[in-house]
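Raw structure.csv, CSV, C-alpha atoms and all ligand atoms:
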chain,number,residue,atom,x,y,z
O,1366,MET,CA,-5.9,-26.5,17.7
O,1367,PRO,CA,-4.5,-23.6,15.8
O,1368,THR,CA,-5.9,-23.0,12.3
O,1369,PRO,CA,-3.6,-23.4,9.2
O,1370,ARG,CA,-3.6,-19.6,9.1
O,1371,GLU,CA,-2.5,-19.3,12.7
O,1372,GLU,CA,0.2,-21.9,12.0
O,1373,ARG,CA,1.5,-19.9,9.1
O,1374,GLU,CA,1.4,-16.7,11.1
O,1375,ARG,CA,3.5,-18.4,13.8
O,1376,LEU,CA,5.9,-19.6,11.2
O,1377,GLU,CA,6.3,-16.1,9.8
O,1378,GLU,CA,7.3,-14.9,13.3
O,1379,GLU,CA,9.9,-17.7,13.4
O,1380,ILE,CA,11.5,-17.5,10.0
O,1381,LEU,CA,11.1,-13.9,8.7
O,1382,SER,CA,13.4,-11.0,9.5
O,1383,PRO,CA,12.3,-8.6,12.2
O,1384,HIS,CA,11.9,-5.9,9.5
O,1385,ALA,CA,9.7,-8.1,7.3
O,1386,ALA,CA,5.9,-7.5,6.9
O,1387,LYS,CA,4.1,-10.0,9.1
O,1388,SER,CA,0.6,-10.9,8.1
O,1389,ALA,CA,-0.7,-11.1,11.6
O,1390,GLN,CA,0.4,-7.5,12.2
O,1391,SER,CA,-1.1,-6.1,9.0
O,1392,ARG,CA,-2.7,-2.7,9.3
O,1393,GLY,CA,-5.8,-4.4,8.0
O,1394,ARG,CA,-8.4,-3.8,5.4
O,1395,GLU,CA,-10.6,-0.6,4.8
O,1396,ARG,CA,-13.6,-2.7,5.7
O,1397,PRO,CA,-12.7,-5.2,8.5
O,1398,GLU,CA,-13.5,-8.8,7.7
O,1399,PRO,CA,-13.1,-12.0,9.7
O,1400,PRO,CA,-9.8,-13.7,9.0
O,1401,CYS,CA,-9.7,-16.7,6.7
O,1402,PRO,CA,-9.1,-20.0,8.5
O,1403,THR,CA,-6.6,-21.3,5.9
O,1404,ARG,CA,-4.8,-18.4,4.4
O,1405,THR,CA,-2.9,-15.4,5.8
O,1406,ALA,CA,-4.1,-11.9,5.0
O,1407,PHE,CA,-1.5,-11.5,2.2
O,1408,GLN,CA,-2.2,-14.9,0.7
O,1409,ARG,CA,-5.8,-14.0,0.6
O,1410,ASP,CA,-5.0,-10.7,-1.2
O,1411,ARG,CA,-3.0,-12.5,-3.8
O,1412,ASP,CA,-5.9,-14.9,-4.4
O,1413,ARG,CA,-8.4,-12.1,-4.7
O,1414,ILE,CA,-6.2,-10.4,-7.3
O,1415,ILE,CA,-5.7,-13.6,-9.4
O,1416,HIS,CA,-9.5,-14.2,-9.4
O,1417,CYS,CA,-10.4,-10.6,-10.6
O,1418,LYS,CA,-11.4,-9.6,-14.1
O,1419,ALA,CA,-8.6,-7.0,-14.5
O,1420,PHE,CA,-6.1,-9.8,-13.9
O,1421,ARG,CA,-7.5,-11.9,-16.7
O,1422,ARG,CA,-7.3,-9.0,-19.1
O,1423,LEU,CA,-3.6,-8.8,-18.6
O,1424,SER,CA,-3.3,-11.7,-21.1
O,1425,HIS,CA,-4.4,-9.5,-23.9
O,1426,LYS,CA,-2.5,-6.3,-23.0
O,1427,THR,CA,1.1,-5.6,-24.1
O,1428,GLN,CA,3.9,-3.4,-23.3
O,1429,VAL,CA,6.0,-2.9,-26.4
O,1430,PHE,CA,4.4,-5.0,-29.2
O,1431,ILE,CA,0.7,-4.3,-29.9
O,1432,ALA,CA,-1.6,-7.3,-29.9
O,1433,PRO,CA,1.2,-9.5,-31.3
O,1434,GLU,CA,0.1,-12.3,-33.6
O,1435,ALA,CA,3.0,-14.6,-32.7
O,1436,ASP,CA,2.7,-16.9,-29.7
O,1437,HIS,CA,6.0,-16.3,-27.9
O,1438,TYR,CA,6.0,-12.6,-27.0
O,1439,ARG,CA,5.4,-11.4,-23.5
O,1440,THR,CA,2.0,-10.2,-22.5
O,1441,ARG,CA,1.3,-8.2,-19.4
O,1442,LEU,CA,0.2,-11.5,-17.8
O,1443,THR,CA,3.4,-13.4,-18.5
O,1444,HIS,CA,5.4,-10.3,-17.5
O,1445,THR,CA,3.4,-10.2,-14.2
O,1446,LEU,CA,4.2,-13.9,-13.6
O,1447,GLU,CA,7.9,-13.2,-14.2
O,1448,VAL,CA,7.9,-10.3,-11.8
O,1449,ALA,CA,6.1,-12.5,-9.2
O,1450,GLN,CA,8.8,-15.2,-9.6
O,1451,ILE,CA,11.7,-12.8,-9.3
O,1452,ALA,CA,10.1,-11.0,-6.4
O,1453,ARG,CA,9.4,-14.2,-4.5
O,1454,THR,CA,13.0,-15.4,-5.0
O,1455,ILE,CA,14.4,-12.1,-3.6
O,1456,ALA,CA,11.9,-12.0,-0.7
O,1457,ARG,CA,12.7,-15.6,0.3
O,1458,THR,CA,16.4,-15.1,0.1
O,1459,LEU,CA,16.2,-12.0,2.3
O,1460,ALA,CA,13.8,-13.7,4.8
O,1461,LEU,CA,11.1,-11.2,3.8
O,1462,ASN,CA,7.4,-11.9,3.2
O,1463,GLU,CA,7.1,-13.9,0.0
O,1464,ASP,CA,3.3,-13.8,0.0
O,1465,LEU,CA,3.2,-10.0,0.3
O,1466,SER,CA,5.7,-9.6,-2.5
O,1467,GLU,CA,3.7,-12.0,-4.7
O,1468,ALA,CA,0.4,-10.1,-4.0
O,1469,ILE,CA,2.0,-6.8,-4.9
O,1470,ALA,CA,3.6,-8.3,-8.1
O,1471,VAL,CA,0.3,-9.8,-9.4
O,1472,ALA,CA,-1.4,-6.5,-8.9
O,1473,HIS,CA,1.3,-4.1,-10.1
O,1474,ASP,CA,0.1,-3.8,-13.7
O,1475,LEU,CA,-3.6,-4.1,-13.3
O,1476,GLY,CA,-4.2,-0.4,-14.2
O,1477,HIS,CA,-2.3,-0.4,-17.4
O,1478,THR,CA,-4.1,0.9,-20.5
O,1479,PRO,CA,-4.1,-1.0,-23.7
O,1480,PHE,CA,-0.9,-0.6,-25.8
O,1481,GLY,CA,1.5,-0.1,-22.9
O,1482,HIS,CA,3.2,3.3,-22.6
O,1483,ALA,CA,1.8,4.8,-25.8
O,1484,GLY,CA,-1.7,4.2,-24.5
O,1485,GLN,CA,-0.8,5.6,-21.1
O,1486,ARG,CA,0.6,8.8,-22.6
O,1487,ALA,CA,-2.4,9.3,-24.8
O,1488,LEU,CA,-4.9,8.8,-22.0
O,1489,ASN,CA,-2.9,11.0,-19.7
O,1490,ASP,CA,-3.1,13.8,-22.3
O,1491,CYS,CA,-6.9,13.3,-22.7
O,1492,MET,CA,-7.3,13.4,-19.0
O,1493,ARG,CA,-5.0,16.4,-18.4
O,1494,PRO,CA,-7.9,18.9,-17.9
O,1495,TYR,CA,-9.4,16.5,-15.3
O,1496,GLY,CA,-6.3,15.7,-13.2
O,1497,GLY,CA,-4.4,13.4,-15.6
O,1498,PHE,CA,-4.2,9.6,-15.8
O,1499,GLU,CA,-1.4,7.5,-14.3
O,1500,HIS,CA,-1.4,3.6,-14.6
O,1501,ASN,CA,0.0,3.1,-11.1
O,1502,LEU,CA,-2.8,5.0,-9.5
O,1503,GLN,CA,-5.2,3.2,-11.8
O,1504,SER,CA,-4.0,-0.1,-10.5
O,1505,LEU,CA,-4.9,1.0,-7.0
O,1506,ARG,CA,-8.3,2.2,-8.4
O,1507,VAL,CA,-8.9,-1.2,-9.9
O,1508,VAL,CA,-8.4,-3.0,-6.5
O,1509,ASP,CA,-10.1,-0.2,-4.4
O,1510,VAL,CA,-13.1,0.7,-6.5
O,1511,LEU,CA,-13.5,-0.8,-10.0
O,1512,GLU,CA,-13.8,-4.5,-9.4
O,1513,GLU,CA,-17.4,-5.5,-8.8
O,1514,LYS,CA,-17.3,-9.0,-7.3
O,1515,TYR,CA,-18.2,-8.9,-3.7
O,1516,ALA,CA,-21.5,-8.4,-2.0
O,1517,GLU,CA,-20.2,-6.3,0.9
O,1518,PHE,CA,-17.9,-3.8,-0.9
O,1519,ASP,CA,-16.6,-2.4,-4.2
O,1520,GLY,CA,-13.1,-3.4,-5.1
O,1521,LEU,CA,-11.2,-6.2,-3.5
O,1522,ASN,CA,-10.8,-4.8,0.0
O,1523,LEU,CA,-7.1,-5.6,0.1
O,1524,THR,CA,-4.8,-5.1,3.1
O,1525,PHE,CA,-3.0,-1.8,3.6
O,1526,GLU,CA,0.4,-3.4,2.9
O,1527,THR,CA,-0.6,-4.7,-0.6
O,1528,ARG,CA,-2.2,-1.3,-1.5
O,1529,GLU,CA,0.9,0.5,-0.2
O,1530,GLY,CA,3.1,-1.7,-2.5
O,1531,ILE,CA,0.9,-1.1,-5.5
O,1532,LEU,CA,1.3,2.7,-5.1
O,1533,LYS,CA,4.8,3.3,-6.3
O,1534,ARG,CA,4.4,7.0,-7.2
O,1535,CYS,CA,1.8,9.6,-6.3
O,1536,PRO,CA,1.5,13.3,-6.9
O,1537,ARG,CA,0.8,15.4,-3.8
O,1538,GLY,CA,-2.7,16.4,-4.9
O,1539,LYS,CA,-3.8,12.7,-5.1
O,1540,ALA,CA,-1.8,11.7,-2.0
O,1541,GLU,CA,-3.9,14.2,0.0
O,1542,GLN,CA,-7.0,12.3,-1.0
O,1543,LEU,CA,-5.6,8.9,0.0
O,1544,GLY,CA,-5.5,9.2,3.8
O,1545,GLU,CA,-3.0,7.0,5.5
O,1546,LEU,CA,-1.9,5.5,2.2
O,1547,GLY,CA,-0.8,8.8,0.8
O,1548,LEU,CA,1.2,10.0,3.8
O,1549,ARG,CA,4.6,8.8,2.7
O,1550,PHE,CA,4.3,11.0,-0.4
O,1551,LEU,CA,3.6,14.0,1.7
O,1552,ASN,CA,5.9,13.4,4.7
O,1553,GLY,CA,8.7,11.3,3.1
O,1554,GLY,CA,9.4,7.7,4.1
O,1555,GLN,CA,9.4,4.4,2.3
O,1556,PRO,CA,7.0,1.5,1.8
O,1557,SER,CA,7.7,-2.0,3.1
O,1558,LEU,CA,10.8,-3.9,1.9
O,1559,GLU,CA,8.5,-6.3,0.1
O,1560,ALA,CA,7.2,-3.3,-1.9
O,1561,GLN,CA,10.7,-2.0,-2.6
O,1562,LEU,CA,11.9,-5.3,-3.9
O,1563,THR,CA,8.9,-6.0,-6.1
O,1564,ASN,CA,9.4,-2.6,-7.7
O,1565,LEU,CA,13.0,-3.7,-8.7
O,1566,ALA,CA,11.9,-7.2,-9.7
O,1567,ASP,CA,9.6,-5.4,-12.2
O,1568,GLU,CA,12.6,-3.6,-13.6
O,1569,ILE,CA,14.7,-6.8,-13.8
O,1570,ALA,CA,11.9,-8.6,-15.6
O,1571,TYR,CA,11.2,-6.0,-18.3
O,1572,ASN,CA,14.8,-5.0,-19.1
O,1573,ASN,CA,15.7,-8.6,-19.7
O,1574,HIS,CA,12.5,-9.9,-21.5
O,1575,ASP,CA,12.5,-6.9,-23.8
O,1576,ILE,CA,16.0,-8.0,-25.0
O,1577,ASP,CA,14.6,-11.4,-25.7
O,1578,ASP,CA,11.4,-10.2,-27.4
O,1579,GLY,CA,13.4,-7.5,-29.4
O,1580,LEU,CA,15.7,-10.2,-30.7
O,1581,ARG,CA,12.7,-12.5,-31.6
O,1582,ALA,CA,11.0,-9.7,-33.5
O,1583,GLY,CA,14.2,-8.9,-35.4
O,1584,LEU,CA,14.2,-5.3,-34.0
O,1585,LEU,CA,17.5,-5.9,-32.2
O,1586,THR,CA,20.5,-7.9,-33.5
O,1587,LEU,CA,23.1,-9.7,-31.5
O,1588,ASP,CA,25.8,-7.4,-33.0
O,1589,GLN,CA,23.9,-4.4,-31.6
O,1590,LEU,CA,23.5,-5.9,-28.2
O,1591,LEU,CA,27.2,-6.7,-27.9
O,1592,GLU,CA,27.7,-2.9,-27.6
O,1593,VAL,CA,26.0,-3.1,-24.2
O,1594,PRO,CA,28.6,-4.0,-21.6
O,1595,ILE,CA,26.5,-6.2,-19.3
O,1596,PHE,CA,25.2,-8.2,-22.3
O,1597,ARG,CA,28.6,-8.6,-23.8
O,1598,GLN,CA,30.1,-9.8,-20.5
O,1599,HIS,CA,27.5,-12.5,-20.1
O,1600,TYR,CA,27.5,-13.4,-23.7
O,1601,GLU,CA,31.3,-13.9,-23.8
O,1602,SER,CA,31.2,-16.0,-20.7
O,1603,VAL,CA,28.5,-18.3,-22.2
O,1604,ALA,CA,30.2,-18.4,-25.6
O,1605,GLY,CA,33.5,-19.3,-23.9
O,1606,ARG,CA,31.9,-22.3,-22.1
O,1607,HIS,CA,29.7,-23.5,-25.0
O,1608,ARG,CA,31.5,-23.2,-28.3
O,1609,SER,CA,29.0,-24.8,-30.6
O,1610,LEU,CA,25.7,-23.4,-29.2
O,1611,SER,CA,23.1,-22.0,-31.6
O,1612,GLN,CA,22.7,-18.2,-31.6
O,1613,ARG,CA,19.2,-18.6,-30.1
O,1614,ARG,CA,20.4,-20.6,-27.1
O,1615,LEU,CA,23.4,-18.3,-26.6
O,1616,ALA,CA,21.0,-15.4,-26.3
O,1617,TYR,CA,18.8,-17.3,-23.9
O,1618,GLU,CA,21.7,-18.3,-21.7
O,1619,THR,CA,23.0,-14.7,-21.8
O,1620,VAL,CA,19.7,-13.2,-20.6
O,1621,ARG,CA,19.5,-16.0,-18.0
O,1622,GLY,CA,22.9,-15.1,-16.7
O,1623,MET,CA,22.0,-11.4,-16.6
O,1624,ILE,CA,18.9,-12.0,-14.6
O,1625,GLY,CA,20.8,-14.1,-12.1
O,1626,ALA,CA,23.5,-11.5,-11.8
O,1627,GLN,CA,21.0,-8.7,-11.2
O,1628,VAL,CA,19.1,-10.7,-8.5
O,1629,THR,CA,22.4,-11.7,-6.8
O,1630,ASP,CA,23.6,-8.1,-6.9
O,1631,LEU,CA,20.3,-6.8,-5.5
O,1632,VAL,CA,20.3,-9.4,-2.7
O,1633,GLU,CA,23.9,-8.7,-1.7
O,1634,THR,CA,23.6,-4.9,-1.8
O,1635,SER,CA,20.3,-4.9,0.1
O,1636,ARG,CA,21.7,-7.3,2.7
O,1637,GLY,CA,24.6,-4.9,3.3
O,1638,ARG,CA,22.2,-1.9,3.7
O,1639,LEU,CA,19.9,-3.8,6.0
O,1640,LEU,CA,22.9,-4.9,8.2
O,1641,ALA,CA,24.2,-1.3,8.3
O,1642,THR,CA,20.8,0.3,9.1
O,1643,ALA,CA,19.4,-2.6,11.2
O,1644,PRO,CA,15.7,-1.6,11.1
O,1645,ALA,CA,14.0,-3.3,14.0
O,1646,SER,CA,10.6,-3.4,12.4
O,1647,ILE,CA,8.6,-2.6,9.3
O,1648,GLU,CA,7.8,0.8,10.9
O,1649,ASP,CA,11.5,1.5,11.1
O,1650,VAL,CA,11.7,0.6,7.4
O,1651,ARG,CA,8.8,3.0,6.6
O,1652,ARG,CA,10.5,5.8,8.6
O,1653,ASN,CA,13.8,5.5,6.8
O,1654,ALA,CA,14.5,8.3,4.3
O,1655,ALA,CA,16.3,6.0,1.9
O,1656,VAL,CA,15.3,2.8,0.1
O,1657,LEU,CA,17.1,-0.2,1.6
O,1658,ILE,CA,16.5,-2.6,-1.3
O,1659,ALA,CA,18.8,-1.5,-4.1
O,1660,PHE,CA,21.4,-2.4,-6.7
O,1661,SER,CA,25.0,-1.7,-6.2
O,1662,GLU,CA,26.4,1.4,-7.9
O,1663,PRO,CA,28.3,-0.5,-10.6
O,1664,MET,CA,25.1,-2.5,-11.4
O,1665,ARG,CA,23.1,0.7,-11.6
O,1666,THR,CA,25.6,2.0,-14.1
O,1667,SER,CA,25.4,-1.2,-16.2
O,1668,LEU,CA,21.6,-1.1,-16.1
O,1669,LYS,CA,21.5,2.5,-17.1
O,1670,ALA,CA,23.5,1.7,-20.2
O,1671,LEU,CA,21.2,-1.2,-21.0
O,1672,LYS,CA,18.1,1.0,-20.6
O,1673,ASP,CA,19.6,3.7,-22.8
O,1674,PHE,CA,20.3,1.1,-25.4
O,1675,LEU,CA,16.7,-0.3,-25.3
O,1676,MET,CA,15.3,3.2,-25.5
O,1677,SER,CA,17.2,4.2,-28.6
O,1678,ASN,CA,17.2,0.8,-30.4
O,1679,LEU,CA,14.0,-0.9,-29.4
O,1680,TYR,CA,11.4,1.5,-28.0
O,1681,ARG,CA,12.3,4.1,-30.7
O,1682,HIS,CA,12.6,1.6,-33.5
O,1683,TYR,CA,10.5,2.8,-36.4
O,1684,ARG,CA,8.3,-0.3,-36.3
O,1685,VAL,CA,7.6,0.3,-32.6
O,1686,MET,CA,7.0,4.0,-33.3
O,1687,ARG,CA,4.5,3.0,-35.9
O,1688,MET,CA,2.7,0.8,-33.4
O,1689,SER,CA,2.8,3.6,-30.8
O,1690,SER,CA,1.4,6.1,-33.2
O,1691,LYS,CA,-1.5,3.8,-34.0
O,1692,ALA,CA,-2.1,3.2,-30.3
O,1693,ASP,CA,-2.0,6.9,-29.6
O,1694,ARG,CA,-4.7,7.5,-32.3
O,1695,VAL,CA,-6.9,4.7,-31.1
O,1696,VAL,CA,-6.9,5.9,-27.5
O,1697,ARG,CA,-7.4,9.6,-28.3
O,1698,ASP,CA,-10.1,9.0,-30.8
O,1699,LEU,CA,-12.1,6.6,-28.6
O,1700,PHE,CA,-11.8,9.0,-25.6
O,1701,ALA,CA,-12.9,12.0,-27.7
O,1702,ALA,CA,-15.8,10.1,-29.3
O,1703,PHE,CA,-17.2,8.9,-25.9
O,1704,MET,CA,-16.7,12.3,-24.3
O,1705,GLY,CA,-18.4,14.0,-27.3
O,1706,ASP,CA,-21.3,11.6,-27.2
O,1707,PRO,CA,-21.7,9.2,-24.2
O,1708,ARG,CA,-24.6,7.5,-26.0
O,1709,LEU,CA,-21.9,5.6,-28.0
O,1710,LEU,CA,-20.9,3.8,-24.8
O,1711,PRO,CA,-22.2,0.3,-24.1
O,1712,THR,CA,-25.2,0.2,-21.7
O,1713,SER,CA,-23.8,-0.1,-18.2
O,1714,THR,CA,-20.9,2.4,-18.8
O,1715,GLN,CA,-23.3,4.7,-20.6
O,1716,SER,CA,-25.7,4.9,-17.6
O,1717,ALA,CA,-22.8,5.7,-15.3
O,1718,ALA,CA,-21.5,8.4,-17.7
O,1719,LEU,CA,-24.9,9.9,-18.2
O,1720,ALA,CA,-25.5,10.0,-14.5
O,1721,CYS,CA,-22.4,12.2,-14.0
O,1722,ARG,CA,-23.1,15.8,-13.1
O,1723,ASP,CA,-19.9,17.3,-14.5
O,1724,ASP,CA,-17.3,16.7,-17.2
O,1725,ALA,CA,-14.5,15.7,-14.8
O,1726,THR,CA,-16.6,12.8,-13.3
O,1727,ARG,CA,-17.7,11.7,-16.8
O,1728,ALA,CA,-14.1,11.8,-18.0
O,1729,GLN,CA,-13.1,9.5,-15.2
O,1730,VAL,CA,-15.9,7.0,-16.1
O,1731,ILE,CA,-14.7,7.0,-19.7
O,1732,ALA,CA,-11.0,6.8,-18.7
O,1733,ASP,CA,-11.8,3.8,-16.6
O,1734,TYR,CA,-13.6,2.2,-19.6
O,1735,VAL,CA,-10.8,2.9,-22.0
O,1736,ALA,CA,-8.0,2.0,-19.6
O,1737,GLY,CA,-9.7,-1.4,-18.9
O,1738,MET,CA,-9.6,-2.4,-22.6
O,1739,THR,CA,-7.3,-5.0,-23.9
O,1740,ASP,CA,-5.3,-4.2,-27.0
O,1741,ARG,CA,-7.6,-6.3,-29.2
O,1742,TYR,CA,-10.8,-4.9,-27.6
O,1743,ALA,CA,-9.6,-1.4,-28.2
O,1744,ILE,CA,-8.8,-2.1,-31.8
O,1745,ALA,CA,-12.3,-3.8,-32.3
O,1746,GLU,CA,-14.0,-0.9,-30.6
O,1747,TYR,CA,-12.2,1.6,-32.8
O,1748,GLY,CA,-13.5,-0.3,-35.8
O,1749,ARG,CA,-17.0,-0.4,-34.5
O,1750,ILE,CA,-17.0,3.4,-33.8
O,1751,PHE,CA,-15.1,4.7,-36.8
O,1752,THR,CA,-15.1,2.3,-39.7
O,1753,PRO,CA,-18.2,2.2,-41.9
O,1754,GLY,CA,-19.2,-1.4,-42.7
O,1755,VAL,CA,-17.8,-2.8,-39.4
O,1756,LEU,CA,-20.7,-4.2,-37.4
O,1757,THR,CA,-21.5,-2.2,-34.3
X,1,MG,MG,5.4,-4.1,-14.8
This entry written out as structure tokens:
Amino acid sequence: MPTPREERERLEEEILSPHAAKSAQSRGRERPEPPCPTRTAFQRDRDRIIHCKAFRRLSHKTQVFIAPEADHYRTRLTHTLEVAQIARTIARTLALNEDLSEAIAVAHDLGHTPFGHAGQRALNDCMRPYGGFEHNLQSLRVVDVLEEKYAEFDGLNLTFETREGILKRCPRGKAEQLGELGLRFLNGGQPSLEAQLTNLADEIAYNNHDIDDGLRAGLLTLDQLLEVPIFRQHYESVAGRHRSLSQRRLAYETVRGMIGAQVTDLVETSRGRLLATAPASIEDVRRNAAVLIAFSEPMRTSLKALKDFLMSNLYRHYRVMRMSSKADRVVRDLFAAFMGDPRLLPTSTQSAALACRDDATRAQVIADYVAGMTDRYAIAEYGRIFTPGVLT
């Protein structure tokens, strides 16, 4: 009798495209483990990520709005779930491996600092003398090294394919240290199609939910958004069909239409590219110089206009700039305080920092600690270190 996992693996052979990632043909884990009787290798990766500590912290990390008080803004956790949903839809439609896309999606933001991009910029500056800090590489570090859950190994011991998908970018210097995983950044080549599509699902998710959150926060207005062609087009189509709809629902329907249009465009464009290139296997996909999962040229132009709009009107809104400037100060001051005196660190991190023989290794321990913080933890820690009268 085949196990449920073997059944699933057989089904993958039957229903997935030849160029999809097949779990039975995974390049495997750094430390070999016996297969699970019930789940495929990629399903097991997804489950390991969802059960890890860094995943739970995503519920208190944000991207644009710092530790928002209101209940309806996206957090990194809800963003991650939206990315996973969009990625799975695209993967299923293209007969690619839905489980691998989901595993990559749930891991993709694990390495984010508190306070989104402002936190990342500040920590990168602090770490510049020691090789810098990049959240994407940090996500890989979380699953490879930092999680402490398993008896036999540090990290989550994920498959090559999930790790490959997490690593979107990588400077040469780091790539040289990553063995097989770093090769594509040295020799050219692409990751699996599942990795490519999850990367774009991330973009679809944040471009659209930032419109929704920006409207909710009153940082963007409908009038402003109507200057953006893709928004206007969908808005007019919804308004034409539903004449007495409230502004709120009109905006929801517009964003919904935009997400649908982007997914459809991505699926159609990618299907065309896959037909034209006809990769026979995942190895063919990896050898290809160009990405095969992509938006059409007109959609890219529309999305560029949307991104430019969000950059000048949302991400550079004075209220967001004030949050970013506070975030910058919190991260820099915490890092400097811990580097200046590691005895301020809580016990376990302190022992690790004091055991380091050089500044670069100590800086990495401190960067791991700071990067792991949620927004609210970083704010509380800042108070405990710098504000007289706050209990330590
Ligand atoms: Mg993301």
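In this comparison, which uses only C-alpha atoms, the residue of O:Ala1406, O:Val1429, O:Leu1756, O:Ile1647 approaching Gly1484 (chain O) most closely is O:Val1429.
Minimum distance to Val1510 (chain O) across O:Val1685, O:Gln1612, O:Ala1570, O:Asp1733 (counting all atoms listed in the file) occurs at O:Asp1733.
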Residues of chain O within 7 Å of ligand MG 1 (chain X): nearest atom pair and distance (Å, one decimal) for each, counting all atoms listed in the file, sorted by chain and number, as a Markdown table?
| residue | atom | partner | partner_atom | distance |
| --- | --- | --- | --- | --- |
| O:His1444 | CA | X:MG1 | MG | 6.8 |
| O:Thr1445 | CA | X:MG1 | MG | 6.4 |
| O:His1473 | CA | X:MG1 | MG | 6.2 |
| O:Asp1474 | CA | X:MG1 | MG | 5.4 |
| O:Asp1567 | CA | X:MG1 | MG | 5.1 |
Two-atom distance - CA of Arg1614 (chain O), CA of Phe1596 (chain O) (Å):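 Taking CA of Arg1614 (chain O) as the start and CA of Phe1596 (chain O) as the end point, the length is 14.1 Å.
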Neighbour list for Glu1648 (chain O) as a PyMOL selection string, cut-off 12 Å, only C-alpha atoms, skip fewer than 6 positions in-chain: chain O and resi 1383-1387+1390-1392+1526+1549+1554-1558
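Taking CA of Glu1463 (chain O) as the reference point, CA of Lys1539 (chain O) is found at 29.2 Å.
Using only C-alpha atoms for every distance, the candidate list O:Gln1627, O:Asn1572, O:Asn1564, O:Ser1667 yields O:Asn1564 as the residue closest to Ile1531 (chain O).
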Could you please determine the separation between CA of Arg1638 (chain O) and CA of Asn1653 (chain O) in Å, to one decimal place? 11.6 Å
